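Visitor: You'll find target33.pdb just under this line, and it carries PDB, C-alpha atoms, pLDDT in the B column.
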MODEL        1
ATOM      1  CA  MET A   1       0.000   0.000   0.000  1.00 59.00           C
ATOM      2  CA  ARG A   2       2.936   2.354   0.643  1.00 58.00           C
ATOM      3  CA  ILE A   3       4.143   1.865  -2.915  1.00 50.00           C
ATOM      4  CA  LEU A   4       0.632   2.442  -4.245  1.00 51.00           C
ATOM      5  CA  LEU A   5       0.282   5.723  -2.339  1.00 54.00           C
ATOM      6  CA  LEU A   6       3.639   6.910  -3.650  1.00 51.00           C
ATOM      7  CA  ILE A   7       2.813   6.003  -7.244  1.00 49.00           C
ATOM      8  CA  ILE A   8      -0.611   7.649  -7.087  1.00 47.00           C
ATOM      9  CA  GLY A   9       0.874  10.818  -5.608  1.00 53.00           C
ATOM     10  CA  VAL A  10       3.588  11.087  -8.251  1.00 45.00           C
ATOM     11  CA  ILE A  11       1.164  10.424 -11.119  1.00 45.00           C
ATOM     12  CA  PHE A  12      -1.418  12.821  -9.699  1.00 45.00           C
ATOM     13  CA  VAL A  13       1.091  15.644  -9.322  1.00 44.00           C
ATOM     14  CA  GLY A  14       3.050  15.053 -12.493  1.00 45.00           C
ATOM     15  CA  ALA A  15      -0.038  14.880 -14.686  1.00 43.00           C
ATOM     16  CA  TRP A  16      -0.703  18.600 -14.645  1.00 40.00           C
ATOM     17  CA  HIS A  17       2.752  20.206 -14.349  1.00 39.00           C
ATOM     18  CA  SER A  18       4.859  21.514 -17.210  1.00 34.00           C
ATOM     19  CA  ARG A  19       8.526  22.097 -16.535  1.00 32.00           C
ATOM     20  CA  SER A  20       9.992  25.600 -16.218  1.00 30.00           C
ATOM     21  CA  GLU A  21      13.511  26.809 -17.039  1.00 27.00           C
ATOM     22  CA  ALA A  22      13.519  29.109 -14.015  1.00 28.00           C
ATOM     23  CA  GLY A  23      16.029  28.135 -11.330  1.00 29.00           C
ATOM     24  CA  PRO A  24      15.609  28.618  -7.571  1.00 31.00           C
ATOM     25  CA  LEU A  25      16.004  32.217  -6.443  1.00 31.00           C
ATOM     26  CA  PHE A  26      15.627  32.506  -2.679  1.00 32.00           C
ATOM     27  CA  ASN A  27      16.532  36.197  -2.351  1.00 32.00           C
ATOM     28  CA  GLU A  28      13.440  37.447  -4.128  1.00 30.00           C
ATOM     29  CA  ALA A  29       9.977  37.641  -2.643  1.00 32.00           C
ATOM     30  CA  ALA A  30       7.299  35.596  -4.350  1.00 35.00           C
ATOM     31  CA  SER A  31       4.215  37.314  -5.675  1.00 35.00           C
ATOM     32  CA  ALA A  32       1.429  36.162  -3.377  1.00 36.00           C
ATOM     33  CA  ASP A  33      -1.564  37.966  -4.884  1.00 37.00           C
ATOM     34  CA  LEU A  34      -4.485  35.592  -4.468  1.00 36.00           C
ATOM     35  CA  ALA A  35      -6.156  37.029  -7.542  1.00 33.00           C
ATOM     36  CA  GLN A  36      -3.269  35.678  -9.615  1.00 37.00           C
ATOM     37  CA  VAL A  37      -2.345  32.786  -7.278  1.00 43.00           C
ATOM     38  CA  SER A  38       1.224  32.483  -6.029  1.00 55.00           C
ATOM     39  CA  ASP A  39       3.580  30.845  -8.491  1.00 76.00           C
ATOM     40  CA  TYR A  40       6.536  29.441  -6.550  1.00 91.00           C
ATOM     41  CA  ARG A  41       8.740  28.721  -9.564  1.00 89.00           C
ATOM     42  CA  ASP A  42      11.069  31.611  -8.714  1.00 88.00           C
ATOM     43  CA  LEU A  43      11.554  30.140  -5.242  1.00 91.00           C
ATOM     44  CA  VAL A  44      11.685  26.391  -5.806  1.00 91.00           C
ATOM     45  CA  GLY A  45      12.718  25.949  -9.428  1.00 89.00           C
ATOM     46  CA  ASP A  46      11.128  23.541 -11.871  1.00 88.00           C
ATOM     47  CA  ASP A  47      10.752  20.359  -9.814  1.00 92.00           C
ATOM     48  CA  PRO A  48       7.053  19.567 -10.373  1.00 93.00           C
ATOM     49  CA  THR A  49       6.511  17.860  -7.013  1.00 95.00           C
ATOM     50  CA  VAL A  50       8.167  20.610  -4.968  1.00 96.00           C
ATOM     51  CA  LEU A  51       6.256  23.223  -6.946  1.00 95.00           C
ATOM     52  CA  ALA A  52       2.914  21.470  -6.472  1.00 95.00           C
ATOM     53  CA  LEU A  53       3.536  20.962  -2.774  1.00 96.00           C
ATOM     54  CA  ALA A  54       4.573  24.599  -2.255  1.00 96.00           C
ATOM     55  CA  ARG A  55       1.383  25.814  -3.914  1.00 94.00           C
ATOM     56  CA  ALA A  56      -0.723  23.455  -1.811  1.00 96.00           C
ATOM     57  CA  ILE A  57       0.961  24.475   1.452  1.00 96.00           C
ATOM     58  CA  ASP A  58       0.560  28.145   0.539  1.00 95.00           C
ATOM     59  CA  ALA A  59      -3.187  27.659   0.114  1.00 94.00           C
ATOM     60  CA  ARG A  60      -3.388  25.555   3.269  1.00 96.00           C
ATOM     61  CA  LEU A  61      -1.650  28.177   5.432  1.00 96.00           C
ATOM     62  CA  THR A  62      -3.642  31.091   4.028  1.00 95.00           C
ATOM     63  CA  ILE A  63      -6.378  32.317   6.375  1.00 94.00           C
ATOM     64  CA  ARG A  64      -7.991  34.822   4.056  1.00 93.00           C
ATOM     65  CA  GLU A  65      -7.332  37.493   1.456  1.00 88.00           C
ATOM     66  CA  GLY A  66      -6.501  41.007   2.629  1.00 88.00           C
ATOM     67  CA  ARG A  67      -8.022  44.190   1.248  1.00 87.00           C
ATOM     68  CA  ASP A  68      -5.040  44.654  -1.053  1.00 86.00           C
ATOM     69  CA  GLY A  69      -5.455  41.156  -2.451  1.00 84.00           C
ATOM     70  CA  GLU A  70      -2.456  39.767  -0.581  1.00 88.00           C
ATOM     71  CA  PRO A  71      -2.901  36.513   1.341  1.00 90.00           C
ATOM     72  CA  ILE A  72      -2.967  36.640   5.116  1.00 94.00           C
ATOM     73  CA  TYR A  73      -1.146  33.605   6.473  1.00 96.00           C
ATOM     74  CA  VAL A  74      -1.354  31.854   9.828  1.00 95.00           C
ATOM     75  CA  GLN A  75       0.569  33.632  12.581  1.00 94.00           C
ATOM     76  CA  HIS A  76       3.548  31.290  12.853  1.00 94.00           C
ATOM     77  CA  CYS A  77       4.210  31.635   9.120  1.00 94.00           C
ATOM     78  CA  ARG A  78       3.768  35.421   9.045  1.00 91.00           C
ATOM     79  CA  VAL A  79       6.532  35.924  11.602  1.00 89.00           C
ATOM     80  CA  SER A  80       8.980  33.392  10.134  1.00 90.00           C
ATOM     81  CA  GLN A  81      12.436  34.488   9.026  1.00 83.00           C
ATOM     82  CA  GLY A  82      12.358  35.734   5.425  1.00 86.00           C
ATOM     83  CA  GLY A  83       8.566  35.742   5.282  1.00 91.00           C
ATOM     84  CA  CYS A  84       5.977  33.063   4.715  1.00 94.00           C
ATOM     85  CA  PRO A  85       6.694  32.306   1.010  1.00 95.00           C
ATOM     86  CA  ALA A  86      10.352  31.642   1.850  1.00 94.00           C
ATOM     87  CA  ARG A  87       9.381  29.252   4.632  1.00 96.00           C
ATOM     88  CA  ILE A  88       6.804  27.481   2.472  1.00 96.00           C
ATOM     89  CA  ALA A  89       9.265  27.073  -0.400  1.00 96.00           C
ATOM     90  CA  THR A  90      11.978  25.730   1.886  1.00 96.00           C
ATOM     91  CA  LEU A  91       9.682  23.306   3.697  1.00 97.00           C
ATOM     92  CA  ALA A  92       8.236  22.052   0.411  1.00 97.00           C
ATOM     93  CA  ARG A  93      11.744  21.295  -0.813  1.00 97.00           C
ATOM     94  CA  LEU A  94      12.865  19.677   2.466  1.00 97.00           C
ATOM     95  CA  ILE A  95       9.717  17.556   2.686  1.00 98.00           C
ATOM     96  CA  THR A  96      10.082  16.365  -0.899  1.00 97.00           C
ATOM     97  CA  GLU A  97      13.772  15.543  -0.513  1.00 97.00           C
ATOM     98  CA  ALA A  98      13.268  13.700   2.791  1.00 98.00           C
ATOM     99  CA  SER A  99      10.306  11.806   1.355  1.00 98.00           C
ATOM    100  CA  ASN A 100      12.308  10.760  -1.697  1.00 97.00           C
ATOM    101  CA  ARG A 101      15.105   9.478   0.540  1.00 97.00           C
ATOM    102  CA  ALA A 102      12.587   7.475   2.579  1.00 96.00           C
ATOM    103  CA  GLY A 103      10.472   6.282  -0.360  1.00 96.00           C
ATOM    104  CA  VAL A 104       7.357   8.018   0.970  1.00 96.00           C
ATOM    105  CA  ASP A 105       4.826  10.146  -0.912  1.00 97.00           C
ATOM    106  CA  PRO A 106       5.762  13.815  -0.179  1.00 97.00           C
ATOM    107  CA  PHE A 107       2.094  14.728   0.146  1.00 98.00           C
ATOM    108  CA  LEU A 108       1.684  12.088   2.842  1.00 98.00           C
ATOM    109  CA  THR A 109       4.692  13.508   4.697  1.00 98.00           C
ATOM    110  CA  ALA A 110       3.233  17.004   4.418  1.00 98.00           C
ATOM    111  CA  ALA A 111      -0.101  15.699   5.680  1.00 98.00           C
ATOM    112  CA  ILE A 112       1.572  14.187   8.753  1.00 98.00           C
ATOM    113  CA  ALA A 113       3.323  17.504   9.383  1.00 98.00           C
ATOM    114  CA  MET A 114       0.042  19.405   9.030  1.00 97.00           C
ATOM    115  CA  ARG A 115      -1.688  17.134  11.536  1.00 97.00           C
ATOM    116  CA  GLU A 116       1.228  17.156  13.957  1.00 97.00           C
ATOM    117  CA  SER A 117       2.224  20.822  14.004  1.00 97.00           C
ATOM    118  CA  GLY A 118       0.255  22.797  11.431  1.00 96.00           C
ATOM    119  CA  LEU A 119       3.610  22.888   9.575  1.00 97.00           C
ATOM    120  CA  ASN A 120       5.071  25.034  12.339  1.00 97.00           C
ATOM    121  CA  PRO A 121       8.736  24.046  12.894  1.00 96.00           C
ATOM    122  CA  LEU A 122       8.719  25.754  16.294  1.00 96.00           C
ATOM    123  CA  ALA A 123       5.597  24.009  17.611  1.00 96.00           C
ATOM    124  CA  VAL A 124       6.031  22.265  20.957  1.00 95.00           C
ATOM    125  CA  SER A 125       3.628  19.779  22.530  1.00 94.00           C
ATOM    126  CA  PRO A 126       2.778  19.445  26.252  1.00 94.00           C
ATOM    127  CA  VAL A 127       5.290  16.578  26.473  1.00 92.00           C
ATOM    128  CA  GLY A 128       8.019  18.556  24.722  1.00 93.00           C
ATOM    129  CA  ALA A 129       7.725  17.068  21.228  1.00 95.00           C
ATOM    130  CA  ARG A 130       9.181  19.449  18.637  1.00 96.00           C
ATOM    131  CA  GLY A 131       9.504  20.085  14.931  1.00 97.00           C
ATOM    132  CA  VAL A 132       7.056  19.804  12.064  1.00 97.00           C
ATOM    133  CA  VAL A 133       6.523  16.099  12.744  1.00 97.00           C
ATOM    134  CA  GLN A 134       6.668  16.470  16.555  1.00 97.00           C
ATOM    135  CA  LEU A 135       9.508  14.252  17.723  1.00 96.00           C
ATOM    136  CA  ASN A 136       9.336  13.194  21.356  1.00 93.00           C
ATOM    137  CA  PRO A 137      12.536  14.158  23.237  1.00 93.00           C
ATOM    138  CA  LYS A 138      12.457  10.896  25.202  1.00 91.00           C
ATOM    139  CA  TYR A 139      12.365   8.660  22.156  1.00 91.00           C
ATOM    140  CA  ARG A 140      13.168   9.396  18.491  1.00 90.00           C
ATOM    141  CA  GLY A 141      13.879  13.060  19.226  1.00 92.00           C
ATOM    142  CA  LYS A 142      16.627  12.391  21.768  1.00 93.00           C
ATOM    143  CA  SER A 143      19.187  12.016  18.969  1.00 94.00           C
ATOM    144  CA  VAL A 144      18.016  15.057  16.975  1.00 95.00           C
ATOM    145  CA  PRO A 145      19.804  18.331  17.895  1.00 96.00           C
ATOM    146  CA  PHE A 146      16.796  20.475  16.980  1.00 96.00           C
ATOM    147  CA  VAL A 147      14.761  18.664  19.622  1.00 96.00           C
ATOM    148  CA  TYR A 148      17.200  18.484  22.535  1.00 95.00           C
ATOM    149  CA  ASN A 149      19.536  21.451  22.033  1.00 95.00           C
ATOM    150  CA  GLU A 150      17.918  24.793  22.905  1.00 94.00           C
ATOM    151  CA  ARG A 151      20.762  27.003  21.667  1.00 96.00           C
ATOM    152  CA  TYR A 152      20.910  25.133  18.364  1.00 96.00           C
ATOM    153  CA  ARG A 153      17.131  25.395  18.013  1.00 95.00           C
ATOM    154  CA  GLU A 154      17.280  29.142  18.611  1.00 95.00           C
ATOM    155  CA  GLU A 155      19.794  29.536  15.802  1.00 95.00           C
ATOM    156  CA  CYS A 156      17.700  27.321  13.538  1.00 95.00           C
ATOM    157  CA  SER A 157      14.647  29.501  14.143  1.00 93.00           C
ATOM    158  CA  LYS A 158      16.422  32.292  12.241  1.00 91.00           C
ATOM    159  CA  ARG A 159      16.436  30.242   9.036  1.00 92.00           C
ATOM    160  CA  PRO A 160      13.451  29.769   6.693  1.00 92.00           C
ATOM    161  CA  GLY A 161      13.669  25.985   6.970  1.00 94.00           C
ATOM    162  CA  ALA A 162      14.479  26.006  10.697  1.00 95.00           C
ATOM    163  CA  CYS A 163      16.824  22.970  10.334  1.00 96.00           C
ATOM    164  CA  GLN A 164      13.910  20.642   9.647  1.00 97.00           C
ATOM    165  CA  ARG A 165      15.838  18.230   7.418  1.00 97.00           C
ATOM    166  CA  GLU A 166      17.047  16.244  10.438  1.00 97.00           C
ATOM    167  CA  VAL A 167      13.572  16.352  11.978  1.00 97.00           C
ATOM    168  CA  LEU A 168      11.921  15.053   8.811  1.00 98.00           C
ATOM    169  CA  ASP A 169      14.500  12.298   8.333  1.00 97.00           C
ATOM    170  CA  ALA A 170      14.004  11.099  11.907  1.00 97.00           C
ATOM    171  CA  GLY A 171      10.225  11.335  11.679  1.00 97.00           C
ATOM    172  CA  LEU A 172      10.054   9.395   8.427  1.00 97.00           C
ATOM    173  CA  GLY A 173      12.408   6.807   9.854  1.00 97.00           C
ATOM    174  CA  LEU A 174       9.970   6.359  12.721  1.00 96.00           C
ATOM    175  CA  TYR A 175       7.018   6.200  10.336  1.00 97.00           C
ATOM    176  CA  ASP A 176       8.708   3.577   8.173  1.00 96.00           C
ATOM    177  CA  TRP A 177       9.548   1.509  11.266  1.00 96.00           C
ATOM    178  CA  ALA A 178       5.947   1.820  12.475  1.00 96.00           C
ATOM    179  CA  VAL A 179       4.522   0.632   9.159  1.00 96.00           C
ATOM    180  CA  ASP A 180       6.843  -2.383   9.192  1.00 97.00           C
ATOM    181  CA  ARG A 181       5.912  -3.121  12.802  1.00 96.00           C
ATOM    182  CA  CYS A 182       2.242  -3.028  11.815  1.00 96.00           C
ATOM    183  CA  GLY A 183       2.663  -5.568   9.026  1.00 96.00           C
ATOM    184  CA  GLY A 184       3.134  -3.078   6.177  1.00 96.00           C
ATOM    185  CA  ASP A 185      -0.274  -1.462   6.771  1.00 95.00           C
ATOM    186  CA  VAL A 186      -0.032   2.305   6.197  1.00 95.00           C
ATOM    187  CA  GLU A 187      -3.116   3.176   8.234  1.00 95.00           C
ATOM    188  CA  LYS A 188      -1.997   1.088  11.195  1.00 95.00           C
ATOM    189  CA  GLY A 189       1.502   2.526  10.870  1.00 96.00           C
ATOM    190  CA  LEU A 190       0.111   6.040  11.017  1.00 96.00           C
ATOM    191  CA  ALA A 191      -1.893   5.076  14.086  1.00 95.00           C
ATOM    192  CA  TRP A 192       1.262   3.732  15.729  1.00 95.00           C
ATOM    193  CA  TYR A 193       3.094   6.987  14.914  1.00 94.00           C
ATOM    194  CA  ASN A 194       0.408   8.819  16.871  1.00 92.00           C
ATOM    195  CA  SER A 195      -0.396   6.455  19.727  1.00 90.00           C
ATOM    196  CA  GLY A 196       2.218   3.713  19.817  1.00 92.00           C
ATOM    197  CA  ARG A 197      -0.326   1.071  18.803  1.00 93.00           C
ATOM    198  CA  CYS A 198      -1.263  -0.558  15.488  1.00 94.00           C
ATOM    199  CA  ASP A 199      -4.853   0.543  15.931  1.00 88.00           C
ATOM    200  CA  THR A 200      -6.842   2.715  13.516  1.00 79.00           C
ATOM    201  CA  ASN A 201      -9.707   3.373  15.908  1.00 84.00           C
ATOM    202  CA  ASN A 202      -8.220   6.640  17.190  1.00 79.00           C
ATOM    203  CA  GLY A 203      -9.004   8.384  13.892  1.00 92.00           C
ATOM    204  CA  TYR A 204      -5.486   9.723  13.356  1.00 95.00           C
ATOM    205  CA  ALA A 205      -4.779   7.700  10.219  1.00 95.00           C
ATOM    206  CA  ASN A 206      -8.024   8.794   8.580  1.00 95.00           C
ATOM    207  CA  ALA A 207      -7.278  12.418   9.481  1.00 96.00           C
ATOM    208  CA  VAL A 208      -3.806  12.227   7.891  1.00 97.00           C
ATOM    209  CA  LEU A 209      -5.063  10.557   4.720  1.00 96.00           C
ATOM    210  CA  HIS A 210      -7.863  13.124   4.471  1.00 97.00           C
ATOM    211  CA  GLU A 211      -5.272  15.896   4.837  1.00 97.00           C
ATOM    212  CA  ARG A 212      -3.200  14.322   2.072  1.00 97.00           C
ATOM    213  CA  ARG A 213      -6.191  14.322  -0.273  1.00 97.00           C
ATOM    214  CA  ARG A 214      -6.885  17.943   0.634  1.00 96.00           C
ATOM    215  CA  LEU A 215      -3.322  18.997  -0.160  1.00 97.00           C
ATOM    216  CA  LEU A 216      -3.439  17.198  -3.501  1.00 96.00           C
ATOM    217  CA  GLU A 217      -6.694  18.946  -4.385  1.00 95.00           C
ATOM    218  CA  LEU A 218      -5.248  22.339  -3.365  1.00 95.00           C
ATOM    219  CA  ALA A 219      -2.241  21.726  -5.602  1.00 93.00           C
ATOM    220  CA  LYS A 220      -4.528  20.853  -8.490  1.00 91.00           C
ATOM    221  CA  ASP A 221      -6.780  23.873  -7.882  1.00 85.00           C
ATOM    222  CA  SER A 222      -3.806  26.254  -7.669  1.00 79.00           C
ATOM    223  CA  ASP A 223      -2.390  24.940 -10.926  1.00 70.00           C
ATOM    224  CA  ARG A 224      -5.757  25.333 -12.640  1.00 71.00           C
ATOM    225  CA  ALA A 225      -6.073  28.930 -11.388  1.00 63.00           C
ATOM    226  CA  LEU A 226      -2.565  29.772 -12.609  1.00 57.00           C
ATOM    227  CA  ARG A 227      -3.296  28.372 -16.051  1.00 61.00           C
ATOM    228  CA  THR A 228      -6.507  30.412 -16.215  1.00 57.00           C
ATOM    229  CA  ALA A 229      -4.697  33.586 -15.131  1.00 52.00           C
ATOM    230  CA  ARG A 230      -2.038  33.122 -17.800  1.00 57.00           C
ATOM    231  CA  ASN A 231      -4.653  32.647 -20.488  1.00 57.00           C
ATOM    232  CA  ASP A 232      -6.648  35.782 -19.535  1.00 54.00           C
TER     233      ASP A 232
ENDMDL
END
Show this structure as structure tokens.
Guide:
Amino acid sequence: MRILLLIIGVIFVGAWHSRSEAGPLFNEAASADLAQVSDYRDLVGDDPTVLALARAIDARLTIREGRDGEPIYVQHCRVSQGGCPARIATLARLITEASNRAGVDPFLTAAIAMRESGLNPLAVSPVGARGVVQLNPKYRGKSVPFVYNERYREECSKRPGACQREVLDAGLGLYDWAVDRCGGDVEKGLAWYNSGRCDTNNGYANAVLHERRRLLELAKDSDRALRTARND
């Protein structure tokens, strides 16, 4: 089922994306006018999966449109170093790269991060879990500097990606281990990631898979809006 999810995600994303010759340019602000829909090509380059994921995350973290037509993002993104588009672009790239290393659908990884932290790298749970995928400092997080080292974490908070590569790698390693422990069942593995048990009755797995579908639809809708805007 893991392979099926990955294949579906890649086909679904790749089906509607043409490649661009624009390279990544992180020192320029992205145009975020909702009337024209943000095109992240200037920030992430021409990788179709990263581009689709960035557009989906942008839509997901947008609360509403301001009077000037600019998107108003959730608070944690608005105050991030370099601005929200820079954070979104960096996280989209880091999530895609980590997912590719782990053989996981990037949209599933993003969905886990949305459910765990709202894609806020600086989120902290009541038990001290940190990062976009909320690593527990007593378990998987105890070997991740971002989780256990406060000074390091403070320095990371000044970067758009907030050193989330190590967090994502550790989180996906835990997810992969959980799926294997639960007999290769993705839903049970997701449940274990959340509760430590191969049990889907807690609703977490369904919530993550629903979030994944939502992100895929947002990516598709954003692409459709961009194509319409270019043709007008």
Visitor: So what do you get for CA of Arg197 (chain A) versus CA of Arg101 (chain A), distance-wise?
Guide: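 Interatomic distance here is 25.3 Å.
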Visitor: Using all atoms listed in the file, which residue out of A:Ala170, A:Asp221, A:Thr109, A:Arg181 lies closest to Pro137 (chain A)?
Guide: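 Nearest candidate to Pro137 (chain A) out of A:Ala170, A:Asp221, A:Thr109, A:Arg181: A:Ala170.
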Visitor: Here is a test: counting all atoms listed in the file, which residue of A:Arg93, A:Lys188, A:Arg60, A:His76 is nearest to Pro48 (chain A)?
Guide: A:Arg93
Visitor: Here is a test: counting all atoms listed in the file, which residue of A:Val133, A:Arg41, A:Arg224, A:Gln75 is nearest to Ile112 (chain A)?
Guide: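 Under the stated criterion, the closest residue is A:Val133.
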Visitor: Excluding Pro106 (chain A) and residues on its chain fewer than 5 positions from it, collect all residues at most 7 Å away from it, counting all atoms listed in the file, and give them as a ChimeraX atom specification.
Guide: /A:95-96,99
Visitor: What's the separation between CA of Lys220 (chain A) and CA of Ala110 (chain A), in Å to one decimal place?
Guide: 15.5 Å
Visitor: So which residues touch Val179 (chain A) within 12 Å, counting only C-alpha atoms, skipping near sequence neighbours fewer than 2 positions away, as a list in words?
Guide: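 That gives Met1, Arg2, Val104, Leu172, Gly173, Leu174, Tyr175, Asp176, Trp177, Arg181, Cys182, Gly183, Gly184, Asp185, Val186, Glu187, Lys188, Gly189, Leu190, Ala191, Trp192, Tyr193, Asn194, Gly196, Arg197, Cys198, Asp199 and Ala205 of chain A.
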Visitor: Which residues, written as a PyMOL selection string, have at least one atom at most 12 Å from Glu150 (chain A), with all atoms listed in the file counted and residues fewer than 5 positions away on the same chain left out?
Guide: chain A and resi 122+128+130+137+144-145+155-157
Visitor: Generate a file of the selected residues that holds C-alpha atoms, formatted as an mmCIF file, keeping the file's coordinate frame.
Guide:
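Output file part16.cif follows:
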data_model
loop_
_atom_site.group_PDB
_atom_site.id
_atom_site.type_symbol
_atom_site.label_atom_id
_atom_site.label_comp_id
_atom_site.auth_asym_id
_atom_site.auth_seq_id
_atom_site.Cartn_x
_atom_site.Cartn_y
_atom_site.Cartn_z
ATOM 1 C CA LEU A 122 8.719 25.754 16.294
ATOM 2 C CA GLY A 128 8.019 18.556 24.722
ATOM 3 C CA ARG A 130 9.181 19.449 18.637
ATOM 4 C CA PRO A 137 12.536 14.158 23.237
ATOM 5 C CA VAL A 144 18.016 15.057 16.975
ATOM 6 C CA PRO A 145 19.804 18.331 17.895
ATOM 7 C CA GLU A 155 19.794 29.536 15.802
ATOM 8 C CA CYS A 156 17.700 27.321 13.538
ATOM 9 C CA SER A 157 14.647 29.501 14.143
#
Visitor: Between CA of Gly161 (chain A) and CA of Arg213 (chain A), measure the distance and give it in Å to one decimal.
Guide: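 Rounded to one decimal, the two atoms are 24.1 Å apart.
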Visitor: Report as a PyMOL selection string the full result of the PyMOL selection byres ((chain A and resi 217) around 12) when it is applied to this structure.
Guide: chain A and resi 9+12-13+16+52-53+55-57+59-60+107+210-216+218-224
Visitor: Find, counting all atoms listed in the file, the residue in A:Gln164, A:Ser143, A:Gln81, A:Asn136 that gets nearest to Leu119 (chain A).
Guide: A:Gln164
Visitor: Point out the residue among A:Val74, A:Ala102, A:Val79, A:Leu51 with the least atom-to-atom distance to Asp169 (chain A), counting all atoms listed in the file.
Guide: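 So, comparing all the options, the nearest one is A:Ala102.
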Visitor: Using only C-alpha atoms for the distances, tell me which of A:Leu94, A:Ala207, A:Ala89, A:Val50 is nearest to Ala111 (chain A).
Guide: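 Of A:Leu94, A:Ala207, A:Ala89, A:Val50, the one nearest Ala111 (chain A), counting only C-alpha atoms, is A:Ala207.
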Visitor: Tell me which protein, DNA and RNA residues are within 9 Å of Gly141 (chain A), counting all atoms listed in the file, leaving out same-chain ones fewer than 5 positions away, and put them as a list in words.
Guide: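 The contact residues come out as Ala129, Arg130, Gln134, Leu135, Asn136, Phe146, Val147, Tyr148, Val167, Ala170 and Gly171 of chain A.
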Visitor: Applied to the shown file, which residues does the PyMOL selection byres ((chain A and resi 84) around 10) return, written as a ChimeraX atom specification?
Guide: /A:29-30,32,58,61-62,72-83,85-90,160
